[in-house]
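The block underneath contains the structure these notes are about, expressed in structure tokens.
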Amino acid sequence: MAVSRYTIENVTVVNEGECFGASVSIEDGRIAEIKKQPYKDDMDVLLLPGIIDGHVHMREPGLTHKATMESETRTAARGGVTSVLDMPNVVPQTTSLQLLEERYALAEGRCHVNYGFYLGATNDNLEDIKQLDPTRCPGVKLFMGSSTGGMLVDRETPLRQIFRHSPTLVMTHCEDTTRINANIAAARKQYGDDPDVRLHPVIRDHEACLRSTELAVRLAREEEARLHVAHITTAQELELFNPDSKTITAEACVPHLLFTDADYDTLGTRIKCNPAVKTKADRDALRLALTDGRIRTIATDHAPHLLSEKQGGCLRAMSGMPMVQFSLPAVLSLVSEGVLTLERAVELMCHNPARLYHIKERGFIREGYHADLVLVRRKPWTVTTDCIESLCKWSPLEGRMLEWQVEKTWVGGRLVWDGTSFPSPPQGKRLFFSHTE
């Protein structure tokens with residue numbers, strides 16, 4: 001049903017490098033008019049394009065004890081995220097065109113925000129990759145390390161074939177499995193079967209990340225492929241990326257921008273993720289790269305597990321943390337700390353993901369575009385368990401004060417989070433991907 005016309009009055013809009021006063025009118029799910037007004041320098045209430053998170057794990061099908069499409073897209077909506085791109089390591093793994101379409105069918109009518117699903121690469125699904133329609137999928141997800149089941153691809157011959165033949169973006173998880181396995185053997189010999197989580201960044205170390213990322217970048221250049229390296233964690237890897245490149249780009253994830261290895265002492269396995277959270281120097285290098293262009297997008301790698309699954313050390317406890325609800329407030333806190341500008345945050349979380357994945361008519365506040373919008377207010381608050389929407393019901397940010405709150409979220413012109421509740425049933429749309437912005 002069409003959405004009647006209404007106007008978001010007298011807000012400070014942050015869009016395409018500008019902050020300006022405006023009233024924004026919405027009609028039939030799209031931005032009908034942007035009426036600029038005298039700028040009052042009111043930076044306590046901001047209207048932003050809806051966040052596009054290019055890296056989430058909704059866990060469905062097969063892992064719904066941790067999360068569901070409904071629960072995690074509701075979580076996203078509360079956090080001002082209006083589009084999510086979901087990973088293929090579910091059960092069954094999304095490694096065929098048939099399974100890809102089955103996931104889209106499963107999602108229809110159950111997601112509070114817009115959604116897309118990656119096709120997972122394996123050593124033997126090259127024909128599916130070749131036949132992939134790039135308008136129907138954001139990219140091919142390639143696990144070059146740190147994978148379970150049949151999705152690990154770490155030999156150069158199949159890797160080269162994937163880069164050569166993928167008709168769309170290849171997103172890689174880069175860690176060198178041989179290096180990690182050697183480090184695991186050494187740690188077990190010295191510390192036992194399940195070493196303390198503080199050894200996680202020693203086992204999944206800088207060299208494991210650098211070796212794998214170097215290989216991905218080299219193959220992408222040789223095969224003239226589009227490559228986006230997920231969750232960069234080291235200063236060394238950043239040196240492989242050119243801010244001006246249109247084809248080889250890097251993603252930073254929020255946990256690696258917030259935490260350091262010193263935080264294992266207090267947060268333990270709550271911040272255990274792959275690749276591992278590393279040193280303060282690495283975190284500071286990532287933060288710098290947000291501004292100099294070597295990092296192209298910010299995402300979350302939202303990866304919910306039950307707290308019972310996070311028990312143990314660096315080998316037994318599962319890796320991953322829920323983050324999509326708090327990514328925008330967390331990044332806005334970094335803005336307040338002077339890590340990056342407000343305009344750059346919007347570039348990294350809204351504009352650049354829309355450009356990178358060729359998501360048509362989203363990611364910007366422009367007349368005629370889909371009205372995916374978020375209103376945020378400067379109002380300090382503390383993360384507590386009772387505010388967590390994710391089905392797993394925990395966050396590594398519990399007890400942390402954030403300076404900004406998501407007050408309202410609109411998806412396709414419909415108010416999906418009003419500050420206290422979710423007034424609309426799930427009506428997120430399947431995303432399609434063009435070859436233009």
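Going through the structure tokens in order, the chains are called A, B, and so on, while each chain numbers its residues from 1 and the ligands are numbered from 1 in the order shown.
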
Just the residues within 10 Å of region 5-22 of chain A, please, counting only C-alpha atoms, with nothing from its chain fewer than 5 positions along; format it as an MDAnalysis selection string.
chainID A and resid 27:49 341:347 350:351 363:366 375 413

Dump as a compact mmCIF listing (two decimals), in the first residue's frame, selection limited to N, CA, C and O atoms:
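Result file selection-v4.txt:
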```
# COMPACT_ATOMS: atom_id res chain seq x y z
N GLU A 27 7.02 10.60 -0.15
CA GLU A 27 5.77 10.21 -0.80
C GLU A 27 5.96 8.87 -1.51
O GLU A 27 6.93 8.68 -2.24
N ASP A 28 5.04 7.95 -1.26
CA ASP A 28 5.08 6.63 -1.88
C ASP A 28 6.44 5.94 -1.70
O ASP A 28 6.95 5.30 -2.60
N GLY A 29 7.00 6.11 -0.51
CA GLY A 29 8.22 5.40 -0.17
C GLY A 29 9.51 6.04 -0.66
O GLY A 29 10.59 5.50 -0.43
N ARG A 30 9.38 7.17 -1.35
CA ARG A 30 10.58 7.82 -1.88
C ARG A 30 10.68 9.26 -1.39
O ARG A 30 9.70 9.84 -0.91
N ILE A 31 11.87 9.82 -1.52
CA ILE A 31 12.10 11.21 -1.14
C ILE A 31 11.54 12.09 -2.25
O ILE A 31 12.02 12.08 -3.38
N ALA A 32 10.49 12.81 -1.92
CA ALA A 32 9.80 13.62 -2.93
C ALA A 32 10.40 15.02 -3.06
O ALA A 32 10.47 15.57 -4.17
N GLU A 33 10.85 15.58 -1.94
CA GLU A 33 11.38 16.95 -1.98
C GLU A 33 12.33 17.18 -0.82
O GLU A 33 12.08 16.74 0.31
N ILE A 34 13.44 17.85 -1.11
CA ILE A 34 14.37 18.30 -0.08
C ILE A 34 14.37 19.82 -0.13
O ILE A 34 14.86 20.42 -1.08
N LYS A 35 13.78 20.43 0.86
CA LYS A 35 13.64 21.88 0.89
C LYS A 35 14.65 22.45 1.86
O LYS A 35 14.50 22.35 3.08
N LYS A 36 15.73 23.03 1.32
CA LYS A 36 16.76 23.58 2.18
C LYS A 36 16.25 24.80 2.93
O LYS A 36 15.44 25.59 2.40
N GLN A 37 16.74 24.97 4.15
CA GLN A 37 16.32 26.05 5.02
C GLN A 37 17.55 26.69 5.64
O GLN A 37 18.65 26.13 5.57
N PRO A 38 17.40 27.86 6.24
CA PRO A 38 18.55 28.48 6.90
C PRO A 38 19.16 27.52 7.92
O PRO A 38 18.46 26.90 8.71
N TYR A 39 20.47 27.40 7.86
CA TYR A 39 21.19 26.44 8.70
C TYR A 39 21.37 27.05 10.09
O TYR A 39 21.96 28.12 10.23
N LYS A 40 20.89 26.32 11.11
CA LYS A 40 20.93 26.82 12.48
C LYS A 40 22.08 26.23 13.29
O LYS A 40 22.18 26.47 14.48
N ASP A 41 22.92 25.45 12.61
CA ASP A 41 24.06 24.81 13.30
C ASP A 41 23.59 23.97 14.49
O ASP A 41 24.24 23.91 15.52
N ASP A 42 22.43 23.32 14.31
CA ASP A 42 21.92 22.42 15.34
C ASP A 42 22.44 21.02 15.05
O ASP A 42 21.91 20.30 14.21
N MET A 43 23.49 20.63 15.75
CA MET A 43 24.12 19.34 15.49
C MET A 43 23.71 18.31 16.53
O MET A 43 24.39 17.28 16.70
N ASP A 44 22.62 18.54 17.24
CA ASP A 44 22.16 17.57 18.22
C ASP A 44 21.09 16.64 17.68
O ASP A 44 20.80 15.60 18.29
N VAL A 45 20.46 16.99 16.55
CA VAL A 45 19.48 16.13 15.89
C VAL A 45 19.84 16.10 14.41
O VAL A 45 19.87 17.14 13.75
N LEU A 46 20.13 14.91 13.89
CA LEU A 46 20.64 14.77 12.53
C LEU A 46 19.80 13.77 11.75
O LEU A 46 19.39 12.73 12.29
N LEU A 47 19.58 14.07 10.48
CA LEU A 47 18.95 13.12 9.56
C LEU A 47 20.02 12.61 8.60
O LEU A 47 20.65 13.39 7.89
N LEU A 48 20.21 11.29 8.60
CA LEU A 48 21.24 10.65 7.79
C LEU A 48 20.59 9.67 6.82
O LEU A 48 19.48 9.19 7.06
N PRO A 49 21.27 9.33 5.74
CA PRO A 49 20.81 8.18 4.96
C PRO A 49 20.86 6.93 5.84
O PRO A 49 21.70 6.82 6.73
N THR A 341 35.34 12.73 10.73
CA THR A 341 34.29 13.73 10.67
C THR A 341 32.93 13.06 10.48
O THR A 341 32.84 11.91 10.03
N LEU A 342 31.90 13.79 10.79
CA LEU A 342 30.54 13.30 10.60
C LEU A 342 30.29 12.99 9.12
O LEU A 342 29.71 11.94 8.78
N GLU A 343 30.73 13.88 8.25
CA GLU A 343 30.52 13.67 6.82
C GLU A 343 31.24 12.41 6.33
O GLU A 343 30.71 11.66 5.50
N ARG A 344 32.43 12.16 6.87
CA ARG A 344 33.18 10.97 6.46
C ARG A 344 32.50 9.70 6.99
O ARG A 344 32.49 8.66 6.30
N ALA A 345 31.93 9.75 8.18
CA ALA A 345 31.21 8.60 8.71
C ALA A 345 30.05 8.21 7.79
O ALA A 345 29.84 7.02 7.50
N VAL A 346 29.33 9.20 7.31
CA VAL A 346 28.21 8.93 6.39
C VAL A 346 28.73 8.38 5.07
O VAL A 346 28.13 7.47 4.47
N GLU A 347 29.87 8.88 4.62
CA GLU A 347 30.48 8.36 3.39
C GLU A 347 30.79 6.87 3.54
O GLU A 347 30.52 6.06 2.64
N CYS A 350 27.24 4.75 4.43
CA CYS A 350 26.05 4.91 3.57
C CYS A 350 26.43 5.01 2.10
O CYS A 350 26.08 4.15 1.28
N HIS A 351 27.14 6.08 1.73
CA HIS A 351 27.43 6.34 0.32
C HIS A 351 28.33 5.28 -0.29
O HIS A 351 28.03 4.75 -1.38
N GLY A 363 21.25 4.82 -0.11
CA GLY A 363 22.53 5.24 0.43
C GLY A 363 22.78 6.73 0.37
O GLY A 363 23.82 7.19 0.85
N PHE A 364 21.84 7.48 -0.19
CA PHE A 364 21.95 8.94 -0.30
C PHE A 364 20.59 9.57 0.00
O PHE A 364 19.55 8.94 -0.20
N ILE A 365 20.61 10.82 0.46
CA ILE A 365 19.37 11.59 0.58
C ILE A 365 19.25 12.44 -0.67
O ILE A 365 19.85 13.52 -0.78
N ARG A 366 18.54 11.90 -1.64
CA ARG A 366 18.34 12.56 -2.93
C ARG A 366 16.88 12.43 -3.34
O ARG A 366 16.24 11.41 -3.09
N LEU A 375 17.09 9.09 11.94
CA LEU A 375 17.19 10.32 12.73
C LEU A 375 17.90 9.97 14.03
O LEU A 375 17.48 9.07 14.76
N GLY A 413 10.30 4.62 3.29
CA GLY A 413 9.31 5.60 3.71
C GLY A 413 8.46 5.18 4.90
O GLY A 413 7.71 6.00 5.42
```

If you run DSSP over the backbone, which residues in region 10-72 of chain A end up alpha helix (DSSP H)? Put them as a PDB file with C-alpha atoms, in the first residue's frame.
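Printed below is part-v4.pdb as written:
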```pdb
ATOM      1  CA  MET A  69      16.146 -13.025   9.854  1.00  0.00           C
ATOM      2  CA  GLU A  70      13.296 -11.382  11.744  1.00  0.00           C
ATOM      3  CA  SER A  71      15.184 -10.845  14.994  1.00  0.00           C
ATOM      4  CA  GLU A  72      18.382  -9.512  13.444  1.00  0.00           C
TER       5      GLU A  72
END
```

Mind checking which residues fall within 12 Å of region 174-184 of chain A, counting only C-alpha atoms, ignoring those fewer than 3 positions away in the same chain, and posting them as number ranges by chain?
A: 141-148, 152-155, 170-171, 187-196, 199-217, 227-234, 237, 250-251, 274-276, 314-315

Any idea what the distance is between CA of Ser96 (chain A) and CA of Ala354 (chain A)?
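Interatomic distance here is 25.0 Å.
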
With distances taken over only C-alpha atoms, which of A:Leu63, A:Ala77, A:Cys111, A:Met401 is nearest to Pro304 (chain A)?
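Ranked by minimum distance to Pro304 (chain A), first place goes to A:Leu63.
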
Option closest in space to Arg270 (chain A), from A:Ile248, A:Met321, A:Val376, A:Ala285 [counting only C-alpha atoms]:
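So, comparing all the options, the nearest one is A:Met321.
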
Write out as a list in words which residues come within 12 Å of Asp128 (chain A) when counting only C-alpha atoms, dropping same-chain ones fewer than 4 positions away.
Thr94, Thr95, Ser96, Leu97, Gln98, Leu99, Leu100, Leu119, Gly120, Ala121, Thr122, Asn123, Asp124, Leu132, Asp133, Pro134, Val140, Ile162, His165, Ser166 and Pro167 of chain A

When you count only C-alpha atoms, which of these residues is closest to Gly109 (chain A): A:Asp386, A:Ile359, A:Leu373, A:Thr73?
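The shortest atom-to-atom distance to Gly109 (chain A) comes from A:Thr73.
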
I'd like to know which of A:Ala107, A:Ala252, A:Leu391, A:Met87 is closest to His305 (chain A), using only C-alpha atoms.
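The answer is A:Leu391, which sits nearest to His305 (chain A).
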
Please report, as a PyMOL selection string, each residue of region 150-312 of chain A to which DSSP assigns strand (DSSP E or B) when run on this structure's backbone.
chain A and resi 152+170-173+227-229+248-253+297-299+302

Take the residues just selected and output them with C-alpha atoms as a short mmCIF file (atom, residue, chain, number, x, y, z; two decimals), in the first residue's frame.
```cif
data_model
loop_
_atom_site.label_atom_id
_atom_site.label_comp_id
_atom_site.auth_asym_id
_atom_site.auth_seq_id
_atom_site.Cartn_x
_atom_site.Cartn_y
_atom_site.Cartn_z
CA LEU A 152 37.71 -22.93 2.77
CA VAL A 170 34.61 -10.92 -4.62
CA MET A 171 34.65 -10.31 -0.86
CA THR A 172 37.40 -12.19 0.96
CA HIS A 173 38.06 -13.31 4.50
CA LEU A 227 38.04 -7.31 -4.68
CA HIS A 228 36.78 -6.11 -1.31
CA VAL A 229 38.78 -7.43 1.64
CA ILE A 248 40.55 -3.23 -4.88
CA THR A 249 39.11 -1.97 -1.62
CA ALA A 250 39.05 -2.68 2.11
CA GLU A 251 36.46 -2.88 4.88
CA ALA A 252 36.91 -2.08 8.56
CA CYS A 253 34.54 -3.59 11.09
CA THR A 297 33.51 0.96 4.05
CA ILE A 298 32.61 0.40 7.69
CA ALA A 299 30.57 -2.71 8.50
CA HIS A 302 27.45 -8.85 13.16
#
```

Residues at most 7 Å from Gln325 (chain A), counting only C-alpha atoms, excluding those fewer than 5 positions away in the same chain, as a list in words?
Thr75, Ala76, Arg78 and Gly79 of chain A

Which residues, written as a PyMOL selection string, have at least one atom at most 12 Å from His65 (chain A), with only C-alpha atoms counted and residues fewer than 2 positions away on the same chain left out?
chain A and resi 58-63+67-69+71+304-309+390-393

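Take CA of Val56 (chain A) and CA of Arg377 (chain A): the distance between them is 25.0 Å.
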